[in-house]
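This report concerns only the one structure given below.
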Amino acid sequence: MDGESGAVIVVDVASSARARPTRSRVPAFAVLHYYLVGYRRTWRAGVFSSFLLPVLTVLGFGLGVGAYIDQGVDGVPYLDWLVPGLIASTALQVALGDSTWPVFSNFQWVKTYYAQSAAPLRVGDILAGHLLYVLFRVLTTIAAFLLVTGLFGALRSPWALATLPVVALLGLAVAAPTFAYSASVSSDSWLAMLFRFGVIPMTLFAGVFFPVESLPEGLRQLAYATPLWHAVDLCRAATLGVAPQWSVAGHLLYLAAWALGGALLARRVFRRTLVV
Amino acid sequence: MTTVQPLIRARGLVKRFGDFTAVDGIDVEVLPGEAFGFLGPNGAGKSSTMRMIGCISPPSGGELRILGMDPVRDGPAIRARLGVCPQLDNLDPELTVQENLTTYARYFGIPRRVARERARELLDFVQLTERADSKVEPLSGGMKRRLTIARALVNEPEIVLLDEPTTGLDPQARHLVWERLFRLKQQGVTLVLTTHYMDEAEQLCDRLVVMDGGRIVAEGSPRALIERYSTREVVELRFAAESQEAFAGKLDGLGERVEVLPDRVLLYVADGDAAVAEVQALGLTPANVLVRRSSLEDVFLHLTGRTLVE
Ligand SMILES: Nc1ncnc2c1ncn2[C@@H]1O[C@H](COP(=O)(O)OP(=O)(O)O)[C@@H](O)[C@H]1O
Ligand SMILES: [Mg+2]
């Protein structure tokens with residue numbers, strides 16, 4: 001391309017020797033890799049909140065409180081009945097925790113998304129890569145959770161493994177709209193609000209600790225509207241080896257709708273913020 | 001005959017934010033191997049322009065071609081061949097110095113082994129080898145800046161965009177950055193940088209545009225701009241009295257031009273020493289006299305009536 005010897009110097013920038021556009025084959029995986037490198041540094045700190053805590057809850061509630069509940073729930077010992085609820089609510093906690101402050105920080109504090117948008121990534125890659133990481137976090141946490149509760153003998157059916165795809169879908173159903181939320185709020189105090197007025201009531205009323213049937217009619221309808229209840233019902237069916245209260249397809253479609261709607265919304269908000 | 005396609009070509013380029021026009025129809029051409037600068041004060045529209053060139057901000061009007069491609073349609077393909085050092089560092093403080101480079105390399109599809117090798121070379125280049133395994137958080141501002149520059153080079157870019165590469169750095173850190181950028185330039189990498197430091201522009205740029213209020217007010221090499229818009233020398237006179245104005249009036253007819261600043265009077269002349277003699281012959285006794293060569297600062301003052309750095 002130099003043409004030093006000739007009188008005519010044509011630098012064809014579009015096809016010069018250096019012009020070998022480099023792009024990752026699946027750009028979202030490159031983004032995922034970035035988060036995994038960070039995870040390698042911080043996973044120990046995360047073990048307590050995302051894993052030890054639910055295990056302690058299993059011990060405290062399941063064994064402690066369960067000792068007072070002689071007849072169990074629906075003829076099942078309370079511990080066995082509670083564990084699938086905790087599987088779903090732990091997945092919710094992890095998904096939400098990982099899609100609030102980290103997303104907010106990537107826009108406002110560390111500005112990771114801006115660094116990424118200067119590379120040959122599209123907004124969709126940046127979003128998908130981060131969502132994949134949240135999925136990874138949910139799955140690894142729940143896999144460890146299954147292992148421990150399995151050792152306790154609290155999983156009554158090999159179908160318990162089916163909780164993994166269920167919590168993956170729940171993770172997306174929760175994380176995707178939360179990404180959109182965290183990307184749009186102007187101050188991180190809105191994030192704490194999401195936990196106070198979203199996660200805590202949802203965890204209390206969506207059938208994790210007691211059946212939604214014991215709720216008054218209005219609250220029960222609200223519980224049905226939460227993505228959490230649908231995952232709880234599926235997880236419970238799986239670990240107990242019984243049929244869910246709703247059709248499996250209905251549950252999955254409902255969760256998928258949250259995931260898809262949330263992802264589309266998040267992509268719009270991300271684009272509006274990153275491409276200005 | 002010489003046909004050199006510009007790497008960057010803007011015609012009537014506009015950037016609006018709502019009703020506000022940040023970049024108001026600029027024409028720019030950057031040729032291969034050039035070090036090209038945007039010189040202007042805060043708010044001139046430099047970063048807005050850089051972000052359009054970096055294909056992260058769609059133009060609101062006009063025409064823009066980068067590497068012969070359209071930044072809106074071919075964004076990722078263009079960005080694959082650019083290196084970007086943004087105005088504010090956005091490194092990951094939790095990762096190590098090296099991890100910041102290797103993770104970024106992945107975005108360009110660079111395989112792990114190559115990325116590691118390249119990170120090693122680049123850390124050597126920006127003199128951060130000893131810090132390769134330490135976290136980014138405790139690094140000094142100058143080190144972070146150098147790391148951001150290294151990150152911008154991880155894909156062996158054809159064009160490197162540097163938005164205020166040395167703003168906020170102490171003089172020593174600054175010289176180190178300049179020295180590295182100068183090396184890049186010698187290697188034939190095309191540099192596009194913004195600055196509001198005239199010495200930076202003079203040191204690094206082959207050609208630059210002076211921007212003010214979203215428009216280009218002058219264009220040329222630093223030397224040509226100085227020759228065209230200023231005199232060879234400048235006499236700075238500081239009078240003890242409150243108002244420099246009163247004295248400035250008495251300097252009429254001396255030199256080509258007189259600029260009155262709040263704290264001093266600038267006298268634009270061909271021969272500084274001769275002008276000082278003339279001032280003394282007028283019976284004026286400034287508290288402080290300095291004769292210096294004209295700089296881009298004087299060009300900016302002449303073109304806009306304001307100083308570059310407030
Ligand atoms: N995202 C934005 N929204 C609204 N106004 C903006 C935005 N970015 C920059 N501006 C405005 O555009 C003008 C030019 O800004 P900028 O390009 O950052 O200038 P410079 O880099 O020369 O200091 C400023 O007045 C700034 O406030
Ligand atoms: Mg700027």
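Lettering and numbering for the structure tokens are positional, with chains as A, B, ... in the shown order, residues counted from 1 in each chain, and ligands counted from 1 in the shown order.
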
| message | Within 9 Å of ligand 1 (counting only C-alpha atoms and all ligand atoms), which residues show up? I'd like them as a ChimeraX atom specification. | response | /A:273,276 /B:15-18,20-23,38-51,87,163-164,194-196,211-214

| field | Expected answer as a list in words: chain B residues within 7 Å of chain A, only C-alpha atoms | value |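 Result, ordered by chain then number: Met1, Thr2, Thr3, Val4, Gln5, Leu7, Gly54, Ile56, Ser57, Pro58, Leu67, Gly68, Pro76, Ala77, Arg79, Ala80, Arg81, Val84, Asn90, Asp92, Leu95, Thr103, Arg106, Tyr107, Phe108 and Gly109 of chain B.
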
Output C-alpha atoms for every residue in the selection just made, as an mmCIF file, in the first residue's frame.
data_model
loop_
_atom_site.group_PDB
_atom_site.id
_atom_site.type_symbol
_atom_site.label_atom_id
_atom_site.label_comp_id
_atom_site.auth_asym_id
_atom_site.auth_seq_id
_atom_site.Cartn_x
_atom_site.Cartn_y
_atom_site.Cartn_z
ATOM 1 C CA MET B 1 -0.185 12.888 -9.357
ATOM 2 C CA THR B 2 -1.017 11.985 -5.813
ATOM 3 C CA THR B 3 -4.325 10.620 -4.685
ATOM 4 C CA VAL B 4 -4.524 10.086 -0.980
ATOM 5 C CA GLN B 5 -7.935 9.220 0.322
ATOM 6 C CA LEU B 7 -9.183 8.420 6.522
ATOM 7 C CA GLY B 54 -15.646 7.209 17.067
ATOM 8 C CA ILE B 56 -20.760 6.038 19.027
ATOM 9 C CA SER B 57 -22.720 9.217 18.406
ATOM 10 C CA PRO B 58 -24.774 9.489 15.216
ATOM 11 C CA LEU B 67 -12.086 4.713 6.520
ATOM 12 C CA GLY B 68 -14.373 5.120 3.547
ATOM 13 C CA PRO B 76 -18.796 -2.015 14.384
ATOM 14 C CA ALA B 77 -16.664 -2.533 11.249
ATOM 15 C CA ARG B 79 -14.733 0.702 15.396
ATOM 16 C CA ALA B 80 -12.817 -2.539 14.872
ATOM 17 C CA ARG B 81 -10.114 -0.397 13.254
ATOM 18 C CA VAL B 84 -10.327 5.350 21.423
ATOM 19 C CA ASN B 90 -13.359 4.262 31.943
ATOM 20 C CA ASP B 92 -12.247 -1.236 35.329
ATOM 21 C CA LEU B 95 -9.431 -5.672 37.403
ATOM 22 C CA THR B 103 -10.620 -8.362 28.356
ATOM 23 C CA ARG B 106 -11.633 -9.944 23.360
ATOM 24 C CA TYR B 107 -14.147 -7.396 22.107
ATOM 25 C CA PHE B 108 -12.080 -7.282 18.931
ATOM 26 C CA GLY B 109 -12.058 -11.042 18.579
#

| request: Could you find all residues in range 27-101 of chain B that DSSP calls helix (DSSP H, G or I) from the backbone, and write them as a PyMOL selection string? | output: chain B and resi 46-53+75-79+97-101

Got time to write the residues from that selection, all heavy atoms, as a CSV table (one decimal), in the first residue's frame?
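For reference, again-v1.csv as written:
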chain,number,residue,atom,x,y,z
B,46,LYS,N,-15.5,19.8,20.9
B,46,LYS,CA,-14.5,18.8,20.5
B,46,LYS,C,-14.9,17.4,20.8
B,46,LYS,O,-14.8,16.5,20.0
B,46,LYS,CB,-13.2,19.1,21.3
B,46,LYS,CG,-12.7,20.5,21.1
B,46,LYS,CD,-11.4,20.7,21.9
B,46,LYS,CE,-11.5,20.6,23.4
B,46,LYS,NZ,-12.3,21.6,24.0
B,47,SER,N,-15.4,17.1,22.0
B,47,SER,CA,-15.7,15.8,22.4
B,47,SER,C,-16.9,15.3,21.5
B,47,SER,O,-16.9,14.1,21.1
B,47,SER,CB,-16.1,15.7,23.9
B,47,SER,OG,-15.0,15.9,24.7
B,48,SER,N,-17.9,16.1,21.3
B,48,SER,CA,-19.0,15.8,20.5
B,48,SER,C,-18.5,15.3,19.1
B,48,SER,O,-19.0,14.3,18.5
B,48,SER,CB,-20.0,16.9,20.3
B,48,SER,OG,-20.4,17.4,21.6
B,49,THR,N,-17.5,16.0,18.6
B,49,THR,CA,-17.0,15.7,17.3
B,49,THR,C,-16.3,14.3,17.3
B,49,THR,O,-16.5,13.4,16.5
B,49,THR,CB,-16.0,16.8,16.8
B,49,THR,OG1,-16.7,18.0,16.8
B,49,THR,CG2,-15.5,16.4,15.4
B,50,MET,N,-15.5,14.2,18.4
B,50,MET,CA,-14.7,12.9,18.5
B,50,MET,C,-15.7,11.7,18.7
B,50,MET,O,-15.4,10.6,18.2
B,50,MET,CB,-13.8,13.0,19.8
B,50,MET,CG,-12.7,13.9,19.6
B,50,MET,SD,-11.5,13.3,18.4
B,50,MET,CE,-10.2,12.7,19.5
B,51,ARG,N,-16.8,11.9,19.4
B,51,ARG,CA,-17.7,10.8,19.6
B,51,ARG,C,-18.4,10.4,18.3
B,51,ARG,O,-18.7,9.3,18.0
B,51,ARG,CB,-18.7,11.1,20.7
B,51,ARG,CG,-18.0,11.1,22.1
B,51,ARG,CD,-18.8,11.8,23.2
B,51,ARG,NE,-20.2,11.6,23.0
B,51,ARG,CZ,-20.9,10.5,23.3
B,51,ARG,NH1,-20.2,9.5,23.8
B,51,ARG,NH2,-22.2,10.5,23.2
B,52,MET,N,-18.6,11.4,17.4
B,52,MET,CA,-19.2,11.1,16.1
B,52,MET,C,-18.1,10.3,15.3
B,52,MET,O,-18.5,9.4,14.6
B,52,MET,CB,-19.6,12.4,15.4
B,52,MET,CG,-20.9,13.0,15.9
B,52,MET,SD,-21.5,14.3,14.9
B,52,MET,CE,-20.5,15.7,15.4
B,53,ILE,N,-16.9,10.8,15.3
B,53,ILE,CA,-15.8,10.1,14.6
B,53,ILE,C,-15.6,8.7,15.1
B,53,ILE,O,-15.4,7.7,14.4
B,53,ILE,CB,-14.5,10.9,14.6
B,53,ILE,CG1,-14.7,12.2,14.0
B,53,ILE,CG2,-13.4,10.1,14.0
B,53,ILE,CD1,-13.5,13.2,14.1
B,75,GLY,N,-20.9,1.0,11.8
B,75,GLY,CA,-20.2,1.3,13.1
B,75,GLY,C,-19.3,0.2,13.6
B,75,GLY,O,-18.1,0.5,13.8
B,76,PRO,N,-19.7,-1.0,13.8
B,76,PRO,CA,-18.8,-2.0,14.4
B,76,PRO,C,-17.6,-2.3,13.5
B,76,PRO,O,-16.5,-2.4,14.0
B,76,PRO,CB,-19.7,-3.3,14.5
B,76,PRO,CG,-21.1,-2.7,14.6
B,76,PRO,CD,-21.1,-1.5,13.8
B,77,ALA,N,-17.8,-2.3,12.2
B,77,ALA,CA,-16.7,-2.5,11.2
B,77,ALA,C,-15.6,-1.4,11.3
B,77,ALA,O,-14.4,-1.6,11.3
B,77,ALA,CB,-17.2,-2.7,9.8
B,78,ILE,N,-16.1,-0.2,11.5
B,78,ILE,CA,-15.2,0.9,11.6
B,78,ILE,C,-14.5,0.9,13.0
B,78,ILE,O,-13.3,1.0,13.1
B,78,ILE,CB,-15.9,2.3,11.5
B,78,ILE,CG1,-16.5,2.4,10.1
B,78,ILE,CG2,-14.9,3.5,11.7
B,78,ILE,CD1,-17.4,3.6,9.9
B,79,ARG,N,-15.3,0.7,14.0
B,79,ARG,CA,-14.7,0.7,15.4
B,79,ARG,C,-13.7,-0.4,15.6
B,79,ARG,O,-12.8,-0.3,16.4
B,79,ARG,CB,-15.8,0.6,16.4
B,79,ARG,CG,-16.8,1.8,16.5
B,79,ARG,CD,-17.6,1.8,17.8
B,79,ARG,NE,-18.4,0.7,18.0
B,79,ARG,CZ,-19.7,0.6,17.6
B,79,ARG,NH1,-20.3,1.7,17.0
B,79,ARG,NH2,-20.4,-0.4,17.7
B,97,VAL,N,-4.2,-4.3,35.8
B,97,VAL,CA,-3.8,-3.6,34.6
B,97,VAL,C,-3.9,-4.4,33.4
B,97,VAL,O,-4.4,-4.1,32.4
B,97,VAL,CB,-2.4,-3.0,34.9
B,97,VAL,CG1,-1.7,-2.5,33.6
B,97,VAL,CG2,-2.4,-1.9,36.0
B,98,GLN,N,-3.3,-5.6,33.5
B,98,GLN,CA,-3.2,-6.5,32.4
B,98,GLN,C,-4.6,-7.0,32.0
B,98,GLN,O,-4.9,-7.1,30.8
B,98,GLN,CB,-2.3,-7.7,32.7
B,98,GLN,CG,-2.4,-8.7,31.6
B,98,GLN,CD,-1.3,-9.8,31.8
B,98,GLN,OE1,-0.1,-9.6,31.7
B,98,GLN,NE2,-1.8,-11.0,32.1
B,99,GLU,N,-5.4,-7.3,32.9
B,99,GLU,CA,-6.8,-7.8,32.6
B,99,GLU,C,-7.6,-6.7,31.9
B,99,GLU,O,-8.5,-7.1,31.1
B,99,GLU,CB,-7.5,-8.2,33.9
B,99,GLU,CG,-7.1,-9.6,34.5
B,99,GLU,CD,-7.5,-9.8,35.9
B,99,GLU,OE1,-8.0,-8.8,36.6
B,99,GLU,OE2,-7.4,-10.9,36.4
B,100,ASN,N,-7.4,-5.5,32.2
B,100,ASN,CA,-8.1,-4.4,31.5
B,100,ASN,C,-7.8,-4.5,30.0
B,100,ASN,O,-8.6,-4.2,29.2
B,100,ASN,CB,-7.7,-3.1,32.1
B,100,ASN,CG,-8.7,-2.5,33.1
B,100,ASN,OD1,-9.7,-2.0,32.7
B,100,ASN,ND2,-8.4,-2.8,34.4
B,101,LEU,N,-6.5,-4.9,29.7
B,101,LEU,CA,-6.2,-5.0,28.3
B,101,LEU,C,-6.7,-6.3,27.6
B,101,LEU,O,-7.3,-6.2,26.5
B,101,LEU,CB,-4.7,-4.9,28.1
B,101,LEU,CG,-4.0,-3.6,28.6
B,101,LEU,CD1,-2.5,-3.6,28.3
B,101,LEU,CD2,-4.6,-2.4,27.9

| request: Just the residues within 12 Å of range 55-60 of chain A, please, counting only C-alpha atoms, with nothing from its chain fewer than 2 positions along; format it as a ChimeraX atom specification. | output: /A:47-53,62-68,78-87,89-90,141-142,144-154,208-209

Given only C-alpha atoms, how would the per-residue table for range 29-148 of chain A near range 251-270 of chain A read, listing every residue at most 9 Å away with its closest atom pair and distance in Å to one decimal, sorted by chain and number, as CSV?
residue,atom,partner,partner_atom,distance
A:Val123,CA,A:Phe270,CA,6.9
A:Gly124,CA,A:Arg267,CA,6.5
A:Leu127,CA,A:Arg267,CA,7.0
A:Ala128,CA,A:Ala263,CA,8.7

| message | Set the distance at 12 Å and use only C-alpha atoms: which residues neighbour Cys205 in chain B once local chain neighbours fewer than 4 positions away are removed? I'd like the list as number ranges by chain. | response | B: 30, 33-39, 178, 181-182, 185, 190-195, 197-201, 209-210, 219-223, 296

Writer output for current selection, N, CA and C atoms, as an mmCIF file, in the first residue's frame:
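So out-v9.cif came out as:
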data_model
loop_
_atom_site.group_PDB
_atom_site.id
_atom_site.type_symbol
_atom_site.label_atom_id
_atom_site.label_comp_id
_atom_site.auth_asym_id
_atom_site.auth_seq_id
_atom_site.Cartn_x
_atom_site.Cartn_y
_atom_site.Cartn_z
ATOM 1 N N VAL B 30 -8.829 14.183 7.488
ATOM 2 C CA VAL B 30 -7.612 13.697 8.132
ATOM 3 C C VAL B 30 -6.968 12.673 7.210
ATOM 4 N N GLY B 33 -1.487 8.812 8.443
ATOM 5 C CA GLY B 33 -0.193 9.129 9.026
ATOM 6 C C GLY B 33 -0.103 10.495 9.672
ATOM 7 N N GLU B 34 -1.204 11.237 9.584
ATOM 8 C CA GLU B 34 -1.188 12.587 10.116
ATOM 9 C C GLU B 34 -1.468 12.594 11.620
ATOM 10 N N ALA B 35 -0.961 13.626 12.296
ATOM 11 C CA ALA B 35 -1.416 13.888 13.668
ATOM 12 C C ALA B 35 -2.254 15.150 13.580
ATOM 13 N N PHE B 36 -3.551 14.946 13.794
ATOM 14 C CA PHE B 36 -4.500 16.028 13.553
ATOM 15 C C PHE B 36 -5.132 16.458 14.868
ATOM 16 N N GLY B 37 -5.250 17.754 15.075
ATOM 17 C CA GLY B 37 -5.763 18.220 16.359
ATOM 18 C C GLY B 37 -7.010 19.086 16.261
ATOM 19 N N PHE B 38 -7.843 18.975 17.286
ATOM 20 C CA PHE B 38 -8.940 19.925 17.496
ATOM 21 C C PHE B 38 -8.564 20.754 18.717
ATOM 22 N N LEU B 39 -8.290 22.029 18.507
ATOM 23 C CA LEU B 39 -7.906 22.892 19.612
ATOM 24 C C LEU B 39 -9.070 23.816 19.910
ATOM 25 N N TRP B 178 3.125 12.626 26.129
ATOM 26 C CA TRP B 178 3.500 13.241 24.847
ATOM 27 C C TRP B 178 4.553 12.437 24.135
ATOM 28 N N LEU B 181 3.054 9.379 22.623
ATOM 29 C CA LEU B 181 2.238 9.699 21.453
ATOM 30 C C LEU B 181 3.134 10.058 20.274
ATOM 31 N N PHE B 182 4.224 10.727 20.599
ATOM 32 C CA PHE B 182 5.143 11.092 19.540
ATOM 33 C C PHE B 182 5.726 9.844 18.887
ATOM 34 N N LYS B 185 3.234 8.327 16.562
ATOM 35 C CA LYS B 185 3.196 9.122 15.352
ATOM 36 C C LYS B 185 4.354 8.732 14.428
ATOM 37 N N THR B 190 -2.093 7.093 12.581
ATOM 38 C CA THR B 190 -2.805 8.354 12.446
ATOM 39 C C THR B 190 -3.390 8.748 13.796
ATOM 40 N N LEU B 191 -3.071 9.936 14.245
ATOM 41 C CA LEU B 191 -3.569 10.396 15.542
ATOM 42 C C LEU B 191 -4.552 11.533 15.341
ATOM 43 N N VAL B 192 -5.670 11.458 16.056
ATOM 44 C CA VAL B 192 -6.603 12.577 16.076
ATOM 45 C C VAL B 192 -6.787 12.932 17.538
ATOM 46 N N LEU B 193 -6.457 14.145 17.907
ATOM 47 C CA LEU B 193 -6.560 14.472 19.323
ATOM 48 C C LEU B 193 -7.228 15.825 19.530
ATOM 49 N N THR B 194 -7.815 15.958 20.705
ATOM 50 C CA THR B 194 -8.374 17.257 21.078
ATOM 51 C C THR B 194 -7.585 17.761 22.262
ATOM 52 N N THR B 195 -7.541 19.055 22.407
ATOM 53 C CA THR B 195 -6.829 19.621 23.533
ATOM 54 C C THR B 195 -7.259 21.065 23.726
ATOM 55 N N TYR B 197 -4.825 22.726 25.400
ATOM 56 C CA TYR B 197 -3.473 23.203 25.694
ATOM 57 C C TYR B 197 -2.753 23.515 24.395
ATOM 58 N N MET B 198 -2.380 24.757 24.233
ATOM 59 C CA MET B 198 -1.717 25.123 22.982
ATOM 60 C C MET B 198 -0.363 24.473 22.850
ATOM 61 N N ASP B 199 0.333 24.252 23.970
ATOM 62 C CA ASP B 199 1.651 23.615 23.833
ATOM 63 C C ASP B 199 1.508 22.173 23.363
ATOM 64 N N GLU B 200 0.444 21.510 23.825
ATOM 65 C CA GLU B 200 0.182 20.141 23.388
ATOM 66 C C GLU B 200 -0.060 20.110 21.877
ATOM 67 N N ALA B 201 -0.899 21.034 21.422
ATOM 68 C CA ALA B 201 -1.204 21.101 20.000
ATOM 69 C C ALA B 201 0.060 21.387 19.197
ATOM 70 N N VAL B 209 -7.315 22.182 13.654
ATOM 71 C CA VAL B 209 -8.366 23.178 13.468
ATOM 72 C C VAL B 209 -8.614 23.822 14.828
ATOM 73 N N VAL B 210 -8.881 25.113 14.780
ATOM 74 C CA VAL B 210 -9.231 25.818 16.008
ATOM 75 C C VAL B 210 -10.747 25.866 16.064
ATOM 76 N N GLU B 219 -7.741 26.853 10.355
ATOM 77 C CA GLU B 219 -7.182 25.538 10.083
ATOM 78 C C GLU B 219 -5.792 25.675 9.484
ATOM 79 N N GLY B 220 -4.884 24.788 9.871
ATOM 80 C CA GLY B 220 -3.544 24.793 9.292
ATOM 81 C C GLY B 220 -2.549 24.136 10.225
ATOM 82 N N SER B 221 -1.259 24.186 9.835
ATOM 83 C CA SER B 221 -0.246 23.667 10.744
ATOM 84 C C SER B 221 -0.056 24.703 11.842
ATOM 85 N N PRO B 222 0.430 24.285 13.016
ATOM 86 C CA PRO B 222 0.623 25.258 14.102
ATOM 87 C C PRO B 222 1.441 26.456 13.617
ATOM 88 N N ARG B 223 2.507 26.170 12.873
ATOM 89 C CA ARG B 223 3.363 27.261 12.431
ATOM 90 C C ARG B 223 2.629 28.195 11.459
ATOM 91 N N LEU B 296 0.022 29.403 19.748
ATOM 92 C CA LEU B 296 -1.363 29.192 19.319
ATOM 93 C C LEU B 296 -2.339 29.913 20.238
#

| said: When you look at Asp188 in chain A with a cut-off of 12 Å (counting only C-alpha atoms), what residues show up, excluding the ones that are within fewer than 4 positions of it in the same chain? I need them as a PyMOL selection string. | reply: chain A and resi 100-105+107-109+181-184+192-195
